[in-house]
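One file, query03.txt, carrying compact mmCIF, C-alpha atoms:
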```txt
# COMPACT_ATOMS: atom_id res chain seq x y z
CA ALA A 1 27.99 115.05 -6.37
CA ALA A 2 25.66 116.44 -3.72
CA ILE A 3 26.38 113.52 -1.41
CA LEU A 4 30.20 113.66 -1.60
CA GLY A 5 31.84 114.63 1.64
CA HIS A 6 28.82 113.93 3.82
CA THR A 7 28.56 111.27 6.50
CA VAL A 8 26.02 108.45 6.31
CA ARG A 9 24.13 109.83 9.30
CA GLN A 10 23.90 113.28 7.64
CA LEU A 11 22.37 111.80 4.51
CA MET A 12 20.32 108.97 6.10
CA PRO A 13 19.88 109.68 9.81
CA ASN A 14 17.79 106.53 10.43
CA THR A 15 20.26 104.09 8.87
CA GLU A 16 20.80 100.99 11.02
CA GLN A 17 24.17 100.80 12.73
CA TYR A 18 25.32 97.63 10.94
CA TRP A 19 25.25 99.49 7.61
CA VAL A 20 27.35 102.32 9.10
CA ASN A 21 29.85 99.83 10.52
CA ASN A 22 30.28 98.12 7.15
CA TYR A 23 30.76 101.43 5.33
CA ALA A 24 33.28 102.59 7.91
CA HIS A 25 35.25 99.36 7.66
CA VAL A 26 35.54 99.64 3.88
CA ALA A 27 36.45 103.35 4.01
CA GLU A 28 39.17 102.74 6.60
CA THR A 29 40.66 99.46 5.34
CA GLY A 30 39.97 99.54 1.61
CA GLU A 31 38.69 95.95 1.80
CA PRO A 32 35.54 95.59 -0.33
CA MET A 33 32.54 93.80 1.16
CA ALA A 34 29.70 91.88 -0.45
CA TYR A 35 26.73 91.00 1.75
CA MET A 36 22.95 90.89 1.96
CA ASN A 37 21.16 92.91 4.59
CA LEU A 38 17.76 94.23 5.56
CA ALA A 39 17.08 97.93 5.50
CA LYS A 40 14.56 97.94 8.34
CA GLU A 41 13.46 101.55 7.82
CA ILE A 42 12.05 100.76 4.38
CA GLY A 43 11.54 97.03 4.87
CA ARG A 44 13.63 95.97 1.87
CA TRP A 45 16.42 93.43 1.41
CA PHE A 46 19.52 94.37 -0.60
CA ASP A 47 22.46 92.50 -2.08
CA THR A 48 25.18 95.03 -1.43
CA TYR A 49 28.70 95.53 -2.75
CA THR A 50 30.71 98.20 -0.93
CA PHE A 51 34.19 99.34 -2.08
CA ARG A 52 36.57 102.27 -1.55
CA PRO A 53 37.12 104.50 -4.59
CA ARG A 54 39.73 106.58 -2.69
CA PRO A 55 41.04 106.68 0.91
CA GLY A 56 38.44 107.76 3.45
CA GLN A 57 35.53 107.25 1.07
CA PHE A 58 33.25 104.40 0.12
CA ALA A 59 30.82 103.62 -2.67
CA VAL A 60 27.89 101.19 -2.56
CA VAL A 61 26.09 99.22 -5.26
CA PHE A 62 22.60 98.10 -4.16
CA ASN A 63 20.52 95.35 -5.73
CA ASP A 64 17.00 95.05 -4.33
CA VAL A 65 16.36 91.34 -3.71
CA THR A 66 13.28 91.72 -1.56
CA ASP A 67 11.05 89.77 -3.94
CA ARG A 68 13.59 86.92 -4.08
CA VAL A 69 13.87 86.83 -0.26
CA LYS A 70 10.10 86.79 0.09
CA ALA A 71 9.84 83.99 -2.47
CA GLU A 72 12.53 81.98 -0.59
CA ASP A 73 10.72 82.57 2.71
CA ALA A 74 7.43 81.48 1.14
CA LEU A 75 9.13 78.36 -0.26
CA ARG A 76 10.62 77.53 3.17
CA ASP A 77 7.21 78.00 4.78
CA LEU A 78 5.63 75.79 2.12
CA ASN A 79 8.25 73.09 2.65
CA ALA A 80 7.75 73.26 6.41
CA GLU A 81 3.99 72.96 5.95
CA LEU A 82 4.43 70.03 3.56
CA GLU A 83 6.75 68.29 6.02
CA ARG A 84 4.22 68.86 8.79
CA ARG A 85 1.38 67.44 6.70
CA ILE A 86 3.50 64.48 5.58
CA SER A 87 4.41 63.78 9.19
CA GLU A 88 0.74 63.95 10.20
CA ARG A 89 -0.35 61.68 7.34
CA THR A 90 2.47 59.24 8.11
CA SER A 91 1.42 59.13 11.75
CA GLU A 92 -2.21 58.59 10.73
CA LEU A 93 -1.17 55.83 8.33
CA GLU A 94 0.96 54.11 10.97
CA ARG A 95 -1.90 54.39 13.45
CA SER A 96 -4.39 52.98 10.94
CA THR A 97 -2.00 50.17 10.05
CA ARG A 98 -1.59 49.24 13.72
CA GLN A 99 -5.35 49.31 14.21
CA LEU A 100 -5.88 47.16 11.11
CA MET A 101 -3.25 44.66 12.25
CA GLN A 102 -4.84 44.57 15.70
CA SER A 103 -8.28 44.02 14.15
CA GLU A 104 -6.92 41.20 12.01
CA LYS A 105 -5.28 39.64 15.05
CA LEU A 106 -8.51 39.87 17.04
CA ALA A 107 -10.50 38.40 14.16
CA GLY A 108 -8.00 35.56 13.92
CA LEU A 109 -8.13 35.01 17.66
CA GLY A 110 -11.92 34.90 17.53
CA THR A 111 -11.77 32.06 15.01
CA LEU A 112 -9.16 30.30 17.10
CA VAL A 113 -11.26 30.63 20.24
CA ALA A 114 -14.09 28.73 18.58
CA GLY A 115 -11.72 26.03 17.39
CA VAL A 116 -9.91 25.74 20.72
CA ALA A 117 -13.21 25.60 22.60
CA HIS A 118 -14.21 22.62 20.45
CA GLU A 119 -10.74 21.12 20.91
CA VAL A 120 -10.93 21.40 24.70
CA ASN A 121 -14.45 19.94 24.81
CA THR A 122 -13.20 16.59 23.49
CA PRO A 123 -10.75 15.68 26.28
CA LEU A 124 -13.00 17.21 28.92
CA GLY A 125 -15.92 15.16 27.60
CA VAL A 126 -13.82 11.98 27.78
CA ALA A 127 -12.65 12.88 31.30
CA LEU A 128 -16.24 13.56 32.38
CA THR A 129 -17.36 10.18 31.00
CA ALA A 130 -14.53 8.43 32.84
CA VAL A 131 -15.37 10.20 36.10
CA SER A 132 -19.06 9.30 35.69
CA PHE A 133 -18.06 5.67 35.17
CA LEU A 134 -15.90 5.73 38.28
CA GLU A 135 -18.74 7.34 40.22
CA GLU A 136 -21.09 4.51 39.23
CA MET A 137 -18.45 1.95 40.24
CA ILE A 138 -18.15 3.25 43.79
CA LYS A 139 -21.84 3.88 44.45
CA GLY A 140 -22.49 0.35 45.58
CA PRO A 141 -20.39 -2.02 47.62
CA VAL A 142 -16.76 -1.55 46.64
CA PRO A 143 -14.94 -4.82 45.92
CA HIS A 144 -11.23 -5.00 46.49
CA ASP A 145 -10.30 -7.52 43.81
CA ASP A 146 -7.69 -6.95 41.11
CA ALA A 147 -10.25 -6.47 38.34
CA PHE A 148 -11.93 -3.59 40.19
CA MET A 149 -8.61 -1.93 40.97
CA ARG A 150 -7.53 -2.21 37.32
CA LYS A 151 -10.78 -0.55 36.18
CA LEU A 152 -10.33 2.15 38.80
CA SER A 153 -6.72 2.73 37.77
CA ASP A 154 -7.63 2.79 34.07
CA GLY A 155 -10.47 5.23 34.68
CA LEU A 156 -8.23 7.56 36.70
CA ASP A 157 -5.51 7.31 34.04
CA ILE A 158 -7.97 8.25 31.27
CA THR A 159 -9.27 11.13 33.36
CA MET A 160 -5.80 12.51 34.15
CA ARG A 161 -4.52 12.18 30.57
CA ASN A 162 -7.50 14.01 29.11
CA ILE A 163 -7.53 16.72 31.76
CA SER A 164 -3.78 17.21 31.16
CA ARG A 165 -4.42 17.41 27.43
CA ALA A 166 -7.11 20.06 27.95
CA ALA A 167 -4.78 21.99 30.28
CA ASP A 168 -2.00 21.89 27.67
CA ILE A 169 -4.35 23.20 24.98
CA ILE A 170 -5.55 26.01 27.24
CA ARG A 171 -1.98 26.91 28.29
CA ALA A 172 -0.76 26.94 24.69
CA PHE A 173 -3.70 29.06 23.53
CA LYS A 174 -3.27 31.47 26.47
CA GLN A 175 0.42 32.04 25.65
CA PHE A 176 -0.34 32.30 21.94
CA SER A 177 -3.05 34.92 22.65
CA VAL A 178 -0.72 36.93 24.90
CA ASP A 179 2.02 36.91 22.25
CA GLN A 180 -0.43 37.91 19.50
CA SER A 181 -1.75 40.89 21.47
CA SER A 182 1.65 42.15 22.67
CA ASP A 183 4.66 43.52 20.81
CA GLN A 184 6.92 43.32 23.85
CA ASN A 185 10.14 41.32 23.86
CA ARG A 186 10.46 38.26 26.10
CA VAL A 187 12.74 35.26 26.48
CA PHE A 188 11.13 32.12 25.07
CA CYS A 189 11.98 28.57 24.08
CA LEU A 190 11.73 28.27 20.30
CA ASN A 191 10.41 24.69 20.41
CA GLU A 192 7.75 25.56 23.00
CA LEU A 193 6.60 28.62 21.04
CA CYS A 194 6.31 26.60 17.82
CA GLY A 195 4.43 23.91 19.75
CA ASP A 196 2.03 26.49 21.18
CA VAL A 197 1.33 27.85 17.71
CA VAL A 198 0.72 24.37 16.28
CA THR A 199 -1.50 23.40 19.23
CA SER A 200 -3.56 26.58 18.87
CA LEU A 201 -3.98 25.92 15.14
CA SER A 202 -4.69 22.19 15.52
CA PRO A 203 -8.47 22.49 14.86
CA ARG A 204 -7.79 24.11 11.50
CA LEU A 205 -4.94 21.74 10.68
CA ARG A 206 -7.09 18.67 11.25
CA ARG A 207 -9.86 20.01 9.03
CA CYS A 208 -7.29 20.44 6.24
CA SER A 209 -5.58 17.10 6.95
CA ILE A 210 -2.28 18.86 7.59
CA HIS A 211 0.34 17.41 9.94
CA VAL A 212 3.13 19.66 11.22
CA HIS A 213 6.37 17.95 12.21
CA ARG A 214 8.74 19.82 14.53
CA ASP A 215 12.42 18.95 14.80
CA ILE A 216 13.73 21.70 17.07
CA PRO A 217 16.16 21.16 19.98
CA ASP A 218 14.70 22.05 23.38
CA ASN A 219 17.70 24.15 24.38
CA ILE A 220 17.22 26.96 21.83
CA ASN A 221 16.11 30.04 23.79
CA LEU A 222 15.57 33.37 22.10
CA SER A 223 14.90 36.92 23.26
CA GLY A 224 12.66 39.07 21.09
CA PRO A 225 9.09 39.82 19.98
CA ALA A 226 7.48 36.40 20.40
CA GLY A 227 4.19 37.74 19.07
CA ASP A 228 5.75 38.69 15.72
CA LEU A 229 7.34 35.26 15.37
CA SER A 230 4.02 33.61 16.29
CA GLN A 231 2.27 35.68 13.62
CA VAL A 232 4.89 34.72 11.00
CA LEU A 233 4.54 31.03 11.86
CA THR A 234 0.75 31.30 11.77
CA ASN A 235 0.85 32.91 8.33
CA LEU A 236 3.30 30.30 7.03
CA ILE A 237 1.24 27.39 8.34
```
Full structure transcribed into structure tokens:
Amino acid sequence: AAILGHTVRQLMPNTEQYWVNNYAHVAETGEPMAYMNLAKEIGRWFDTYTFRPRPGQFAVVFNDVTDRVKAEDALRDLNAELERRISERTSELERSTRQLMQSEKLAGLGTLVAGVAHEVNTPLGVALTAVSFLEEMIKGPVPHDDAFMRKLSDGLDITMRNISRAADIIRAFKQFSVDQSSDQNRVFCLNELCGDVVTSLSPRLRRCSIHVHRDIPDNINLSGPAGDLSQVLTNLI
């Protein structure tokens, strides 16, 4: 009864203005209001129901929900921290996966290098033998009969075919290596890419007595991650 007839400011001079505005609205309009607000002066949160018992007056029911608000804030902070940690762990996992894949690619390329080096040595050795033979032929007097010219032509043909073969192996391995170490998209001929993969794997295939037959039209061009497709084909083969 002691508070009847007094203003809010008379009873609670430090009350925040938004409380006063809500009380005034209910007292003037008669429309009840339910809301949650912070009483900054005492640092407490309240679920509040304000109504008008008679014109020009208001009554308020307070329910202290500070503990609930603090618990909700703590839960939000915990969820935010969990999301941050999950994001960090996911990034670390993705980074580790990329590093592992790169290591596996490099290990595979190392094995291929040894095989390709052996593969290139064969045609280069044949070409070197042919060139040495031709060198011996022209050291002395050079005859101009048909037999000599046929030997010369045959020797040059053997040399060119084996050098071309070595160049093809090196080109295929170079493109295969670039594709394996890059995730970038490029336009490529499907038949050529499959041929490069098979050529790069030929040392292994021969050891296992495996023959790969390709039946792919030359006019199929694709745009995409050639390295990923090369890796898939390598795994399948």
Close residues, stretch 156-164 of chain A itself excluded, 8 Å, all atoms listed in the file, min 2 positions apart in chain, as a PyMOL selection string: chain A and resi 123-124+126-128+130-131+152-154+166-168
Spatial neighbours of A:Met33, 9 Å, all atoms listed in the file, chain gap at least 3 places, as a CSV table (one decimal) with C-alpha atoms, in the coordinates of the input:
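Just written: around.csv:
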```
chain,number,residue,atom,x,y,z
A,22,ASN,CA,30.3,98.1,7.2
A,23,TYR,CA,30.8,101.4,5.3
A,25,HIS,CA,35.2,99.4,7.7
A,26,VAL,CA,35.5,99.6,3.9
A,48,THR,CA,25.2,95.0,-1.4
A,49,TYR,CA,28.7,95.5,-2.8
A,50,THR,CA,30.7,98.2,-0.9
A,51,PHE,CA,34.2,99.3,-2.1
```
Interatomic distance (Å, one decimal) between atom CA of A:Asn185 and atom CA of A:Thr199: 21.9 Å
Point-to-point distance in Å for atom CA of A:Asn37 and atom CA of A:Phe62: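 Spanning atom CA of A:Phe62 to atom CA of A:Asn37 is a straight-line distance of 10.3 Å.
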Coordinates-based distance that separates atom CA of A:Ala24 from atom CA of A:Arg52 (Å, one decimal):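 Going from atom CA of A:Arg52 over to atom CA of A:Ala24, I get 10.0 Å.
With all atoms listed in the file as the atoms that count, the minimum distance from A:Ser230 to the choices A:Ser200, A:Val212, A:Cys194, A:Gln99 is reached by A:Cys194.
For the set A:Ala27, A:Leu193, A:Ala71, A:Leu82, the residue with the smallest atom-to-atom gap to A:Ala59 is A:Ala27, counting all atoms listed in the file.
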Which residue of A:Ile86, A:Leu75, A:Leu222, A:Val20 approaches A:Cys189 most closely, using all atoms listed in the file: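 With all atoms listed in the file as the atom set, the closest residue is A:Leu222.
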Best match for closeness to A:Arg214 among A:Ala226, A:Ala80, A:Leu190, A:Val232, counting all atoms listed in the file: A:Leu190
Pick from A:Asn63, A:Gln231, A:Ser209, A:Gln57 nearest to A:Glu31, counting all atoms listed in the file: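 With all atoms listed in the file as the atom set, the closest residue is A:Gln57.
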Residues near A:Arg186, cut-off 8 Å, all atoms listed in the file, skip fewer than 4 positions along chain, as a VMD selection string: chain A and resid 223 to 226
